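Asker: File name structure.txt; file contents compact mmCIF, C-alpha atoms and all ligand atoms; full text below.
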# COMPACT_ATOMS: atom_id res chain seq x y z
CA MET I 1 12.02 -15.83 5.70
CA THR I 2 8.28 -15.14 5.69
CA LEU I 3 6.64 -15.81 2.33
CA ARG I 4 4.58 -12.69 1.57
CA ALA I 5 1.49 -14.24 0.03
CA TYR I 6 -0.12 -10.79 -0.38
CA TYR I 7 2.45 -10.05 -3.10
CA THR I 8 0.63 -12.36 -5.45
CA SER I 9 -2.77 -12.96 -3.83
CA ASP I 10 -5.76 -10.78 -2.92
CA GLU I 11 -7.19 -13.55 -0.71
CA LEU I 12 -7.94 -12.50 2.88
CA THR I 13 -7.86 -15.91 4.57
CA LEU I 14 -5.14 -18.50 4.56
CA ARG I 15 -4.09 -21.67 6.35
CA THR I 16 -0.41 -21.47 7.18
CA GLU I 17 1.94 -22.39 10.03
CA VAL I 18 3.18 -20.61 13.16
CA LEU I 19 6.98 -20.91 13.08
CA SER I 20 7.69 -19.00 16.30
CA CYS I 21 5.84 -17.16 19.07
CA THR I 22 8.15 -15.09 21.26
CA PRO I 23 7.11 -13.20 24.42
CA THR I 24 8.39 -9.61 24.65
CA ASP I 25 9.18 -7.38 27.65
CA ASP I 26 5.91 -5.47 27.28
CA GLY I 27 3.81 -8.63 27.77
CA LYS I 28 3.01 -9.15 24.11
CA PHE I 29 3.93 -11.93 21.68
CA GLN I 30 5.75 -11.73 18.36
CA VAL I 31 4.47 -14.31 15.92
CA VAL I 32 6.30 -15.38 12.77
CA LEU I 33 4.38 -17.37 10.16
CA ALA I 34 5.60 -19.48 7.25
CA GLU I 35 3.41 -17.39 4.96
CA THR I 36 1.41 -14.23 5.60
CA LEU I 37 -1.37 -12.16 4.05
CA PHE I 38 -0.74 -9.28 6.51
CA HIS I 39 0.90 -6.24 4.98
CA PRO I 40 3.33 -4.84 7.58
CA GLN I 41 3.55 -1.11 8.25
CA GLY I 42 6.07 0.42 5.87
CA GLY I 43 6.52 1.87 2.43
CA GLY I 44 4.05 4.65 3.27
CA GLN I 45 1.26 2.21 4.09
CA LEU I 46 -0.20 1.21 7.46
CA ALA I 47 -0.36 -2.44 8.54
CA ASP I 48 -3.29 -4.72 7.84
CA GLN I 49 -5.53 -5.70 10.72
CA GLY I 50 -7.20 -9.05 11.38
CA ASP I 51 -6.60 -12.16 13.45
CA ILE I 52 -4.39 -15.20 13.82
CA ALA I 53 -6.18 -18.24 15.27
CA GLY I 54 -9.01 -15.87 16.23
CA ILE I 55 -6.68 -13.62 18.27
CA PRO I 56 -6.59 -9.98 17.11
CA VAL I 57 -3.35 -8.80 15.50
CA LYS I 58 -2.27 -5.57 17.23
CA GLY I 59 0.49 -4.59 14.85
CA VAL I 60 2.57 -5.92 11.95
CA SER I 61 6.15 -4.92 11.29
CA GLN I 62 9.05 -6.22 9.24
CA ASN I 63 12.50 -7.19 10.33
CA ASP I 64 14.86 -8.08 7.49
CA SER I 65 13.11 -10.90 5.69
CA GLN I 66 10.58 -11.66 8.43
CA VAL I 67 7.12 -10.26 8.98
CA ILE I 68 6.39 -9.90 12.73
CA HIS I 69 2.77 -10.07 13.95
CA VAL I 70 2.17 -8.66 17.45
CA LEU I 71 -0.52 -10.34 19.58
CA ASP I 72 -1.68 -9.96 23.20
CA GLN I 73 -1.90 -13.74 23.62
CA PRO I 74 0.34 -16.62 22.57
CA VAL I 75 -0.58 -19.01 19.75
CA PRO I 76 0.64 -22.62 19.52
CA LEU I 77 3.26 -23.53 16.91
CA GLY I 78 2.01 -25.46 13.90
CA PRO I 79 -0.95 -25.12 11.52
CA VAL I 80 -3.07 -21.99 11.91
CA ASP I 81 -5.80 -20.03 10.15
CA ILE I 82 -5.25 -16.32 9.56
CA ALA I 83 -7.74 -13.68 8.40
CA VAL I 84 -7.20 -10.09 7.27
CA SER I 85 -9.96 -7.51 7.98
CA PRO I 86 -11.56 -6.68 4.63
CA ASP I 87 -12.60 -3.07 5.39
CA ILE I 88 -9.17 -1.86 6.52
CA ARG I 89 -7.43 -3.74 3.69
CA SER I 90 -9.78 -2.17 1.17
CA LEU I 91 -9.29 1.36 2.55
CA HIS I 92 -5.49 1.08 2.54
CA ALA I 93 -5.40 -0.52 -0.91
CA ARG I 94 -7.70 2.18 -2.35
CA LEU I 95 -5.65 5.06 -0.93
CA HIS I 96 -2.36 3.45 -1.95
CA SER I 97 -3.60 2.66 -5.46
CA ALA I 98 -4.83 6.25 -5.84
CA GLY I 99 -1.25 7.26 -5.04
CA HIS I 100 -0.02 5.12 -7.95
CA LEU I 101 -2.44 6.83 -10.34
CA ILE I 102 -1.33 10.29 -9.16
CA SER I 103 2.35 9.28 -9.43
CA GLY I 104 1.84 7.91 -12.92
CA VAL I 105 -0.08 10.91 -14.23
CA GLY I 106 2.51 13.31 -12.75
CA GLN I 107 5.33 11.25 -14.21
CA LEU I 108 3.80 11.43 -17.69
CA MET I 109 3.88 15.22 -17.25
CA GLY I 110 7.57 15.20 -16.46
CA TRP I 111 7.51 15.13 -12.66
CA GLN I 112 9.60 12.55 -10.81
CA PRO I 113 7.67 10.84 -7.99
CA VAL I 114 9.97 10.46 -4.96
CA LYS I 115 7.73 9.64 -2.02
CA GLY I 116 4.27 8.34 -1.20
CA HIS I 117 2.40 8.42 2.08
CA HIS I 118 -0.96 6.66 2.04
CA TRP I 119 -2.27 6.81 5.61
CA PRO I 120 -5.98 7.62 5.89
CA GLY I 121 -6.53 11.36 6.31
CA GLU I 122 -2.96 12.32 5.38
CA CYS I 123 -2.35 10.94 1.89
CA ARG I 124 0.21 12.63 -0.31
CA VAL I 125 2.54 11.97 -3.22
CA VAL I 126 5.73 14.04 -3.47
CA PHE I 127 7.32 14.85 -6.85
CA GLU I 128 10.62 16.46 -7.71
CA ARG I 129 10.55 19.13 -10.39
CA GLN I 130 12.56 18.22 -13.48
CA PRO I 131 13.81 20.59 -16.22
CA HIS I 132 10.99 19.39 -18.49
CA SER I 133 8.19 19.33 -15.87
CA GLU I 134 4.91 20.65 -17.28
CA ALA I 135 2.61 22.93 -15.30
CA LEU I 136 0.38 20.83 -13.04
CA THR I 137 -2.87 21.94 -11.43
CA ALA I 138 -5.07 20.15 -8.90
CA GLU I 139 -7.97 20.27 -11.36
CA HIS I 140 -6.01 18.67 -14.20
CA LEU I 141 -4.50 15.99 -11.98
CA GLU I 142 -7.85 15.13 -10.41
CA HIS I 143 -9.55 14.96 -13.80
CA ALA I 144 -6.83 12.76 -15.35
CA VAL I 145 -6.82 10.37 -12.38
CA ASN I 146 -10.61 10.08 -12.28
CA GLN I 147 -10.62 9.41 -16.01
CA LEU I 148 -8.41 6.36 -15.37
CA ILE I 149 -10.83 5.33 -12.62
CA ASN I 150 -13.85 5.76 -14.91
CA ASP I 151 -12.02 3.66 -17.51
CA ASP I 152 -11.44 1.06 -14.74
CA VAL I 153 -7.85 0.45 -15.84
CA PRO I 154 -6.57 -2.89 -14.53
CA ARG I 155 -3.72 -3.46 -12.11
CA GLN I 156 -0.73 -5.40 -13.35
CA LEU I 157 1.75 -7.15 -11.06
CA LEU I 158 5.05 -8.27 -12.52
CA ASP I 159 8.15 -9.87 -11.12
CA GLN I 160 11.12 -8.17 -12.75
CA ASP I 161 14.33 -9.95 -11.72
CA GLY I 162 13.00 -10.60 -8.24
CA MET I 163 11.60 -7.06 -7.86
CA ARG I 164 7.83 -6.83 -7.56
CA THR I 165 6.55 -4.08 -9.83
CA VAL I 166 3.06 -2.67 -10.11
CA CYS I 167 1.27 -0.51 -12.64
CA PHE I 168 -2.25 0.50 -13.59
CA GLY I 169 -3.20 0.42 -17.26
CA THR I 170 -0.34 1.81 -19.33
CA LEU I 171 1.09 4.06 -16.59
CA PRO I 172 4.79 3.67 -15.76
CA MET I 173 5.71 0.63 -13.62
CA HIS I 174 6.79 1.22 -10.03
CA GLY I 175 8.68 -1.13 -7.73
CA CYS I 176 6.27 -1.59 -4.81
CA GLY I 177 5.55 -3.93 -1.88
CA GLY I 178 2.09 -2.59 -1.00
CA THR I 179 -1.44 -3.85 -1.45
CA HIS I 180 -3.58 -2.61 -4.34
CA VAL I 181 -7.07 -2.78 -5.75
CA SER I 182 -7.37 -5.14 -8.72
CA SER I 183 -8.69 -2.41 -11.02
CA ALA I 184 -9.01 1.35 -10.70
CA ALA I 185 -12.81 1.61 -10.32
CA GLU I 186 -12.55 0.07 -6.82
CA ILE I 187 -10.79 3.26 -5.66
CA GLY I 188 -13.94 5.37 -5.90
CA GLN I 189 -13.25 9.00 -6.87
CA VAL I 190 -10.03 10.82 -6.06
CA LYS I 191 -10.09 14.32 -4.60
CA VAL I 192 -6.91 16.36 -4.99
CA LEU I 193 -7.05 18.49 -1.85
CA LYS I 194 -4.05 20.75 -2.42
CA LEU I 195 -0.75 21.15 -4.22
CA LYS I 196 2.18 22.65 -2.38
CA GLU I 197 5.58 23.32 -3.97
CA LYS I 198 8.60 24.03 -1.82
CA LYS I 199 12.27 23.89 -2.79
CA GLY I 200 11.57 22.01 -6.03
CA GLN I 201 9.36 19.41 -4.33
CA LEU I 202 5.68 19.30 -5.14
CA SER I 203 3.37 17.63 -2.59
CA VAL I 204 -0.01 16.49 -3.87
CA HIS I 205 -2.43 15.96 -0.99
CA TYR I 206 -5.38 13.76 -1.82
CA ASP I 207 -8.17 11.53 -0.58
CA ALA I 208 -10.33 8.83 -2.15
CA VAL I 209 -14.08 8.73 -1.57
CA ASN I 210 -16.50 5.92 -2.31
ZN ZN N 301 1.98 0.12 -4.66
Mind converting the file's structure to structure tokens?
Answerer:
Amino acid sequence: MTLRAYYTSDELTLRTEVLSCTPTDDGKFQVVLAETLFHPQGGGQLADQGDIAGIPVKGVSQNDSQVIHVLDQPVPLGPVDIAVSPDIRSLHARLHSAGHLISGVGQLMGWQPVKGHHWPGECRVVFERQPHSEALTAEHLEHAVNQLINDDVPRQLLDQDGMRTVCFGTLPMHGCGGTHVSSAAEIGQVKVLKLKEKKGQLSVHYDAVN
């Protein structure tokens, strides 16, 4: 099992250990570490980028309890230094955290968040209409979210019976395995680009600008 250090740490460099380095049919190498700071692709968020022993990481995926790092070159087993690229991490964490704010604000207005997709250029949160859902406009949502950003509400990470949960300020908690900014001001400003409701599902398309 790979220990996911990014669950509890915002550090971008770490000394850990290469447990296995396995060649694959396409000429690449799958590297498993004792501990990783690399967020794998999944949960609506793209993978971190960076390097392991100075070799660029080409992709990060998850397989059961292991995080798999894909490299073009092999790395020796044993102690190793890893580094996550700060710019990509920051972009993904900002977009993903903006999704939490949108989810939370919508939830307080009676909408049930069911899906989040936080890839750059295609961010959206999907809500399901509930009997008590209040009318939601792009302007209101954008204003409420940017108010939380202006108030710089802090992130909270909790372990609830082995489930990692995340919230900003007093918004509802969400079970989440992603990476987040440490407080809302780091997001920049959120732009709600459009709202689209179809068959009881409301998609909120958004972006975050510095
Ligand atoms: Zn999250």
Asker: Step by step, measure atom-to-atom distances between ligand ZN 301 (chain N) and each residue using only C-alpha atoms and all ligand atoms, keep those at most 7 Å, then write them as a list of chain:residue names.
Answerer: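 Counting only C-alpha atoms and all ligand atoms, the residues within 7 Å of ligand ZN 301 (chain N) come out as I:His96, I:Ser97, I:His100, I:Val166, I:Cys176, I:Gly177, I:Gly178, I:Thr179, I:His180.
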Asker: Nearest to Ile88 in chain I: which of I:Leu148, I:Ile55, I:Val67, I:Leu12 is it, counting only C-alpha atoms?
Answerer: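 With only C-alpha atoms as the atom set, the closest residue is I:Leu12.
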Asker: Please identify every residue of range 82-199 of chain I that has at least one atom no farther than 10 Å from an atom of range 31-46 of chain I, counting all atoms listed in the file, and for each give the shortest atom pair and the distance in Å to one decimal, arranged by chain then increasing number, as JSON lines.
Answerer:
{"residue": "I:Ile82", "atom": "CA", "partner": "I:Leu37", "partner_atom": "CA", "distance": 7.9}
{"residue": "I:Ala83", "atom": "CA", "partner": "I:Leu37", "partner_atom": "CA", "distance": 7.9}
{"residue": "I:Val84", "atom": "CA", "partner": "I:Phe38", "partner_atom": "CA", "distance": 6.6}
{"residue": "I:Ser85", "atom": "CA", "partner": "I:Phe38", "partner_atom": "CA", "distance": 9.5}
{"residue": "I:Ile88", "atom": "CA", "partner": "I:Leu46", "partner_atom": "CA", "distance": 9.5}
{"residue": "I:Arg89", "atom": "CA", "partner": "I:His39", "partner_atom": "CA", "distance": 8.8}
{"residue": "I:His92", "atom": "CA", "partner": "I:Gln45", "partner_atom": "CA", "distance": 7.0}
{"residue": "I:Ala93", "atom": "CA", "partner": "I:Gln45", "partner_atom": "CA", "distance": 8.8}
{"residue": "I:Leu95", "atom": "CA", "partner": "I:Gln45", "partner_atom": "CA", "distance": 9.0}
{"residue": "I:His96", "atom": "CA", "partner": "I:Gln45", "partner_atom": "CA", "distance": 7.2}
{"residue": "I:Lys115", "atom": "CA", "partner": "I:Gly44", "partner_atom": "CA", "distance": 8.2}
{"residue": "I:Gly116", "atom": "CA", "partner": "I:Gly44", "partner_atom": "CA", "distance": 5.8}
{"residue": "I:His117", "atom": "CA", "partner": "I:Gly44", "partner_atom": "CA", "distance": 4.3}
{"residue": "I:His118", "atom": "CA", "partner": "I:Gln45", "partner_atom": "CA", "distance": 5.4}
{"residue": "I:Trp119", "atom": "CA", "partner": "I:Gln45", "partner_atom": "CA", "distance": 6.0}
{"residue": "I:Pro120", "atom": "CA", "partner": "I:Leu46", "partner_atom": "CA", "distance": 8.8}
{"residue": "I:Cys123", "atom": "CA", "partner": "I:Gly44", "partner_atom": "CA", "distance": 9.1}
{"residue": "I:Arg124", "atom": "CA", "partner": "I:Gly44", "partner_atom": "CA", "distance": 9.6}
{"residue": "I:Val125", "atom": "CA", "partner": "I:Gly44", "partner_atom": "CA", "distance": 9.9}
{"residue": "I:Cys176", "atom": "CA", "partner": "I:Gly43", "partner_atom": "CA", "distance": 8.0}
{"residue": "I:Gly177", "atom": "CA", "partner": "I:Gly43", "partner_atom": "CA", "distance": 7.3}
{"residue": "I:Gly178", "atom": "CA", "partner": "I:Gln45", "partner_atom": "CA", "distance": 7.0}
{"residue": "I:Thr179", "atom": "CA", "partner": "I:His39", "partner_atom": "CA", "distance": 7.2}
Asker: Give the answer as one residue: which of I:Pro113, I:Gly106, I:Gly54, I:Pro154 has the shortest atom-to-atom distance to Thr137 in chain I, using all atoms listed in the file?
Answerer: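 Ranking I:Pro113, I:Gly106, I:Gly54, I:Pro154 by distance to Thr137 in chain I, first place goes to I:Gly106.
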Asker: Give me, please, the distance in Å between CA of Val153 in chain I and CA of Gly169 in chain I, quoted to one decimal.
Answerer: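 Distance reported for this atom pair: 4.9 Å.
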Asker: Smallest atom-to-atom distance to Lys28 in chain I: which of I:Glu11, I:Asp72, I:Asp48, I:Asp81, using only C-alpha atoms?
Answerer: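 Of I:Glu11, I:Asp72, I:Asp48, I:Asp81, the one nearest Lys28 in chain I is I:Asp72, counting only C-alpha atoms.
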Asker: Set the distance at 10 Å and use all atoms listed in the file: which residues neighbour Asp151 in chain I once local chain neighbours fewer than 4 positions away are removed? I'd like the list as a list in words.
Answerer: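 Surrounding residues, per the criterion: Val145, Asn146, Gln147, Gly169, Ser183, Ala184 and Ala185 of chain I.
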Asker: Which is closer to Cys167 in chain I than all the others in I:Val105, I:Val126, I:Val192, I:Val60, using all atoms listed in the file?
Answerer: I:Val105
Asker: Using all atoms listed in the file, find the one residue out of I:Val70, I:Met163, I:Val190, I:Val204 that sits nearest to Phe127 in chain I.
Answerer: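 For Phe127 in chain I, the nearest of the candidates is I:Val204.
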